[in-house]
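Below: the structure, in structure tokens.
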Amino acid sequence: MKYLFSVLVENHAGVLARVSQLFSARGFNITSLTVGETEDSTISRMTIAVDGDERVMDQVKKQLNKLIDVIKVVDLTNVPQVERELVLLKVNATRQTRSEIIEIVDVFRSKIVHVASNELIIEAVGHMIKIDALIKMLKPYGIKELARTGQVCMARTE
């Protein structure tokens with residue numbers, strides 16, 4: 001099962017290494033990891049997506065909470081949430097295929113951020129499923145380069 005954690009940590013060197021080591025020491029592959037400052041520059045938010053079973057993830061949560069630099073751990077796995085990811089795609093674009101690619105970009109409410117004679121760079125923001133679908137649609141045109149941010153999310157409040 002895929003688990004999603006939001007972890008507030010002290011914003012200083014070495015914290016990311018200690019948190020990621022906790023997962024790798026148990027043989028878990030982090031499928032997505034994003035880190036950035038919060039509204040308070042002394043605190044960073046890590047959004048961590050990882051596959052595992054419930055019993056082991058409960059242990060990981062407890063061990064995360066024991067790390068000195070960790071302020072708060074929230075398991076967002078079964079919580080209503082807003083999730084987004086950003087991707088930049090560099091796609092081959094000939095005169096013949098450019099209009100087709102532009103139509104696909106429009107359907108996905110994405111945008112073209114760079115145009116060259118033989119390629120386009122596309123920016124897309126959305127749920128991971130939307131990003132995966134866009135990549136699948138553009139793959140036949142030839143994706144030259146791809147950069148994904150990983151998931152960021154927040155719990156919804158009533």
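Within each chain, counting starts at residue 1; across the structure tokens, chains are named A, B, ... in the order shown, with ligands numbered 1 upward in that order.
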
For A:Arg84, work out the shell of residues within 7 Å, counting only C-alpha atoms and skipping chain neighbours fewer than 3 positions away, then give it as a PyMOL selection string. chain A and resi 125-128+151-153

Show me, as a PyMOL selection string, the residues that have an atom within 12 Å of A:Gln21 when counting only C-alpha atoms, minus same-chain residues fewer than 6 positions from it. chain A and resi 14-15+27-30+60+63-64+67

Ranking A:Val73, A:Leu134, A:Val79, A:Ile143 by minimum distance to A:Asp106 and counting only C-alpha atoms, which one comes first?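 Nearest candidate to A:Asp106 out of A:Val73, A:Leu134, A:Val79, A:Ile143: A:Leu134.
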
Rounded to one decimal place, report the atom CA of A:Glu37-atom CA of A:His114 distance in Å.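 Separation between atom CA of A:Glu37 and atom CA of A:His114: 28.1 Å.
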
Using only C-alpha atoms, determine which residues lie at most 7 Å from A:Glu119, disregarding the query and same-chain residues fewer than 5 positions distant; provide the list as a PDB file with C-alpha atoms, in the first residue's frame.
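Final output, saved to part_2.pdb:
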ATOM      1  CA  LYS A  90      10.740  18.517 -23.313  1.00  0.00           C
ATOM      2  CA  VAL A  91       8.975  16.940 -26.294  1.00  0.00           C
ATOM      3  CA  ASN A  92       9.978  16.517 -29.933  1.00  0.00           C
ATOM      4  CA  ALA A  93       7.727  18.716 -32.076  1.00  0.00           C
TER       5      ALA A  93
END

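Note that atom CA of A:Lys136 and atom CA of A:Ile121 are 15.7 Å apart.
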
Compile the contact shell of A:Met1 as a PyMOL selection string: residues with an atom at most 12 Å away, counting only C-alpha atoms, same-chain residues fewer than 4 positions apart removed. chain A and resi 28+31+49-57+77-78

Take the residues just selected and output them with N, CA and C atoms as a PDB file, in the first residue's frame.
ATOM      1  N   PHE A  28      12.816   0.327   2.479  1.00  0.00           N
ATOM      2  CA  PHE A  28      11.694   0.930   1.772  1.00  0.00           C
ATOM      3  C   PHE A  28      12.196   1.926   0.747  1.00  0.00           C
ATOM      4  N   THR A  31       9.064   6.701  -2.974  1.00  0.00           N
ATOM      5  CA  THR A  31       8.651   6.907  -4.359  1.00  0.00           C
ATOM      6  C   THR A  31       8.555   8.376  -4.725  1.00  0.00           C
ATOM      7  N   ALA A  49       6.260   9.966   0.047  1.00  0.00           N
ATOM      8  CA  ALA A  49       5.407   8.869  -0.419  1.00  0.00           C
ATOM      9  C   ALA A  49       6.255   7.608  -0.428  1.00  0.00           C
ATOM     10  N   VAL A  50       5.713   6.537   0.164  1.00  0.00           N
ATOM     11  CA  VAL A  50       6.470   5.292   0.284  1.00  0.00           C
ATOM     12  C   VAL A  50       5.497   4.112   0.258  1.00  0.00           C
ATOM     13  N   ASP A  51       5.941   2.998  -0.302  1.00  0.00           N
ATOM     14  CA  ASP A  51       5.140   1.775  -0.306  1.00  0.00           C
ATOM     15  C   ASP A  51       5.531   0.924   0.891  1.00  0.00           C
ATOM     16  N   GLY A  52       4.539   0.303   1.531  1.00  0.00           N
ATOM     17  CA  GLY A  52       4.820  -0.561   2.672  1.00  0.00           C
ATOM     18  C   GLY A  52       3.532  -1.104   3.263  1.00  0.00           C
ATOM     19  N   ASP A  53       3.673  -1.906   4.319  1.00  0.00           N
ATOM     20  CA  ASP A  53       2.466  -2.416   4.970  1.00  0.00           C
ATOM     21  C   ASP A  53       2.179  -1.601   6.230  1.00  0.00           C
ATOM     22  N   GLU A  54       0.954  -1.714   6.717  1.00  0.00           N
ATOM     23  CA  GLU A  54       0.478  -0.871   7.814  1.00  0.00           C
ATOM     24  C   GLU A  54       1.308  -1.016   9.085  1.00  0.00           C
ATOM     25  N   ARG A  55       1.633  -2.225   9.460  1.00  0.00           N
ATOM     26  CA  ARG A  55       2.374  -2.464  10.704  1.00  0.00           C
ATOM     27  C   ARG A  55       3.735  -1.773  10.666  1.00  0.00           C
ATOM     28  N   VAL A  56       4.443  -1.936   9.567  1.00  0.00           N
ATOM     29  CA  VAL A  56       5.778  -1.350   9.451  1.00  0.00           C
ATOM     30  C   VAL A  56       5.689   0.175   9.348  1.00  0.00           C
ATOM     31  N   MET A  57       4.699   0.695   8.639  1.00  0.00           N
ATOM     32  CA  MET A  57       4.555   2.147   8.522  1.00  0.00           C
ATOM     33  C   MET A  57       4.218   2.773   9.869  1.00  0.00           C
ATOM     34  N   THR A  77      -2.327   9.424   4.442  1.00  0.00           N
ATOM     35  CA  THR A  77      -2.724   8.319   3.579  1.00  0.00           C
ATOM     36  C   THR A  77      -4.237   8.229   3.395  1.00  0.00           C
ATOM     37  N   ASN A  78      -4.987   8.276   4.481  1.00  0.00           N
ATOM     38  CA  ASN A  78      -6.450   8.113   4.411  1.00  0.00           C
ATOM     39  C   ASN A  78      -7.190   9.375   4.824  1.00  0.00           C
TER      40      ASN A  78
END

Picked from chain A by DSSP as strand (DSSP E), as a PyMOL selection string: chain A and resi 2-10+30-37+43-51+70-75+81-92+111-115+119-126+143-148+152-155

Got a sec: who's within 8 Å of A:Leu8, counting only C-alpha atoms, leaving out chain neighbours fewer than 3 positions off, as a list of chain:residue names?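 That gives A:Ile43, A:Ser44, A:Arg45, A:Met46, A:Val70, A:Ile71, A:Lys72, A:Val73.
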
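Near A:Gly142, within 12 Å and counting only C-alpha atoms, sit Leu89, Lys90, Val91, Asn92, Ala93, Thr94, Thr97, Ile101, Asn118, Glu119, Leu120, Ile135, Lys136, Met137, Leu138, Lys139, Pro140, Lys144, Glu145 and Leu146 of chain A, not including residues fewer than 2 positions from it in the same chain.
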
Residues from the last selection, N, CA and C atoms, saved as a short mmCIF file (atom, residue, chain, number, x, y, z; two decimals), in the first residue's frame:
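selection-v6.cif was written with the following content:
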data_model
loop_
_atom_site.label_atom_id
_atom_site.label_comp_id
_atom_site.auth_asym_id
_atom_site.auth_seq_id
_atom_site.Cartn_x
_atom_site.Cartn_y
_atom_site.Cartn_z
N LEU A 89 8.24 18.87 -19.29
CA LEU A 89 8.51 17.86 -20.32
C LEU A 89 9.07 18.55 -21.56
N LYS A 90 10.19 18.05 -22.04
CA LYS A 90 10.74 18.52 -23.31
C LYS A 90 10.36 17.47 -24.34
N VAL A 91 9.56 17.87 -25.34
CA VAL A 91 8.98 16.94 -26.29
C VAL A 91 9.40 17.31 -27.71
N ASN A 92 9.72 16.30 -28.51
CA ASN A 92 9.98 16.52 -29.93
C ASN A 92 8.72 17.09 -30.57
N ALA A 93 8.88 18.11 -31.41
CA ALA A 93 7.73 18.72 -32.08
C ALA A 93 8.13 19.16 -33.47
N THR A 94 7.61 18.45 -34.46
CA THR A 94 7.84 18.83 -35.86
C THR A 94 6.69 19.72 -36.31
N THR A 97 3.55 17.62 -36.16
CA THR A 97 3.01 17.16 -34.87
C THR A 97 2.73 18.29 -33.88
N ILE A 101 0.24 18.19 -30.47
CA ILE A 101 0.79 18.32 -29.12
C ILE A 101 0.12 19.49 -28.39
N ASN A 118 12.37 22.50 -33.08
CA ASN A 118 12.11 21.05 -33.11
C ASN A 118 11.66 20.48 -31.77
N GLU A 119 11.30 21.36 -30.83
CA GLU A 119 10.85 20.87 -29.53
C GLU A 119 10.00 21.89 -28.80
N LEU A 120 9.23 21.40 -27.84
CA LEU A 120 8.45 22.24 -26.94
C LEU A 120 8.77 21.84 -25.51
N ILE A 135 1.93 12.35 -19.54
CA ILE A 135 3.18 11.73 -20.00
C ILE A 135 2.88 10.61 -20.98
N LYS A 136 1.89 9.79 -20.68
CA LYS A 136 1.51 8.68 -21.55
C LYS A 136 1.05 9.19 -22.93
N MET A 137 0.31 10.29 -22.94
CA MET A 137 -0.18 10.85 -24.21
C MET A 137 0.96 11.46 -25.04
N LEU A 138 1.96 12.01 -24.38
CA LEU A 138 3.06 12.67 -25.10
C LEU A 138 4.19 11.74 -25.49
N LYS A 139 4.23 10.57 -24.88
CA LYS A 139 5.32 9.62 -25.13
C LYS A 139 5.50 9.28 -26.62
N PRO A 140 4.42 9.05 -27.38
CA PRO A 140 4.60 8.71 -28.80
C PRO A 140 5.31 9.79 -29.63
N LYS A 144 12.06 14.01 -24.78
CA LYS A 144 13.51 14.14 -24.75
C LYS A 144 14.04 14.25 -23.32
N GLU A 145 13.24 14.89 -22.47
CA GLU A 145 13.67 15.12 -21.09
C GLU A 145 12.43 15.32 -20.24
N LEU A 146 12.53 14.91 -18.97
CA LEU A 146 11.39 15.03 -18.07
C LEU A 146 11.91 15.32 -16.66
#

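Computed from the coordinates, the atom CA of A:Asp132 to atom CA of A:Val19 distance equals 27.1 Å.
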
Taking only C-alpha atoms into account, name the residue in A:Thr34, A:Ser41, A:Ser99, A:Thr47 that is nearest to A:Ile112. A:Ser99

Out of A:Thr157, A:Ser117, A:Asn11, A:Ser110, which residue has the shortest atom-to-atom distance to A:Asp40 when counting only C-alpha atoms?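 Ranked by minimum distance to A:Asp40, first place goes to A:Asn11.
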
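Checking A:Asp69, A:Glu158, A:Glu39, A:Glu100 one by one against A:Tyr141, counting only C-alpha atoms, you find the shortest gap at A:Glu100.
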
Here is a test: counting only C-alpha atoms, which residue of A:Ser32, A:Thr42, A:Gln59, A:Asn65 is nearest to A:Val7?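 So, comparing all the options, the nearest one is A:Asn65.
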
Point out the residue among A:Val35, A:Ala133, A:Val105, A:Ala25 with the least atom-to-atom distance to A:His12, counting only C-alpha atoms. A:Val35

With DSSP run on the backbone, what are the helix (DSSP H, G or I) residues within chain A? I'd like them as a ChimeraX atom specification. /A:15-24,54-66,98-107,128-141

Restricting it to C-alpha atoms, dump the selection as a PDB file, in the first residue's frame.
ATOM      1  CA  VAL A  15      17.854  16.542   8.517  1.00  0.00           C
ATOM      2  CA  LEU A  16      16.907  15.178   5.090  1.00  0.00           C
ATOM      3  CA  ALA A  17      19.671  12.569   5.306  1.00  0.00           C
ATOM      4  CA  ARG A  18      18.518  11.370   8.740  1.00  0.00           C
ATOM      5  CA  VAL A  19      14.875  11.114   7.698  1.00  0.00           C
ATOM      6  CA  SER A  20      15.591   9.319   4.412  1.00  0.00           C
ATOM      7  CA  GLN A  21      18.019   6.960   6.205  1.00  0.00           C
ATOM      8  CA  LEU A  22      15.177   5.847   8.467  1.00  0.00           C
ATOM      9  CA  PHE A  23      13.288   4.564   5.405  1.00  0.00           C
ATOM     10  CA  SER A  24      16.260   3.088   3.553  1.00  0.00           C
ATOM     11  CA  GLU A  54       0.478  -0.871   7.814  1.00  0.00           C
ATOM     12  CA  ARG A  55       2.374  -2.464  10.704  1.00  0.00           C
ATOM     13  CA  VAL A  56       5.778  -1.350   9.451  1.00  0.00           C
ATOM     14  CA  MET A  57       4.555   2.147   8.522  1.00  0.00           C
ATOM     15  CA  ASP A  58       3.207   2.582  12.065  1.00  0.00           C
ATOM     16  CA  GLN A  59       6.711   1.777  13.327  1.00  0.00           C
ATOM     17  CA  VAL A  60       8.245   4.224  10.868  1.00  0.00           C
ATOM     18  CA  LYS A  61       5.871   6.974  12.074  1.00  0.00           C
ATOM     19  CA  LYS A  62       6.860   6.329  15.696  1.00  0.00           C
ATOM     20  CA  GLN A  63      10.559   6.355  14.817  1.00  0.00           C
ATOM     21  CA  LEU A  64      10.186   9.558  12.794  1.00  0.00           C
ATOM     22  CA  ASN A  65       8.593  11.208  15.825  1.00  0.00           C
ATOM     23  CA  LYS A  66      11.630  10.181  17.911  1.00  0.00           C
ATOM     24  CA  ARG A  98       3.101  20.579 -33.198  1.00  0.00           C
ATOM     25  CA  SER A  99      -0.657  21.249 -33.444  1.00  0.00           C
ATOM     26  CA  GLU A 100      -1.502  17.765 -32.091  1.00  0.00           C
ATOM     27  CA  ILE A 101       0.787  18.324 -29.115  1.00  0.00           C
ATOM     28  CA  ILE A 102      -0.734  21.753 -28.465  1.00  0.00           C
ATOM     29  CA  GLU A 103      -4.221  20.169 -28.430  1.00  0.00           C
ATOM     30  CA  ILE A 104      -3.093  17.582 -25.865  1.00  0.00           C
ATOM     31  CA  VAL A 105      -1.515  20.311 -23.732  1.00  0.00           C
ATOM     32  CA  ASP A 106      -4.775  22.299 -23.851  1.00  0.00           C
ATOM     33  CA  VAL A 107      -6.900  19.284 -22.880  1.00  0.00           C
ATOM     34  CA  MET A 128      -0.166  12.508  -9.981  1.00  0.00           C
ATOM     35  CA  ILE A 129      -2.730  10.558 -12.053  1.00  0.00           C
ATOM     36  CA  LYS A 130      -3.181  13.550 -14.381  1.00  0.00           C
ATOM     37  CA  ILE A 131       0.588  13.948 -14.751  1.00  0.00           C
ATOM     38  CA  ASP A 132       0.989  10.232 -15.548  1.00  0.00           C
ATOM     39  CA  ALA A 133      -1.781  10.451 -18.171  1.00  0.00           C
ATOM     40  CA  LEU A 134      -0.189  13.491 -19.837  1.00  0.00           C
ATOM     41  CA  ILE A 135       3.183  11.731 -20.003  1.00  0.00           C
ATOM     42  CA  LYS A 136       1.511   8.677 -21.553  1.00  0.00           C
ATOM     43  CA  MET A 137      -0.177  10.846 -24.209  1.00  0.00           C
ATOM     44  CA  LEU A 138       3.055  12.673 -25.104  1.00  0.00           C
ATOM     45  CA  LYS A 139       5.324   9.619 -25.129  1.00  0.00           C
ATOM     46  CA  PRO A 140       4.600   8.710 -28.803  1.00  0.00           C
ATOM     47  CA  TYR A 141       5.932  12.130 -29.888  1.00  0.00           C
TER      48      TYR A 141
END
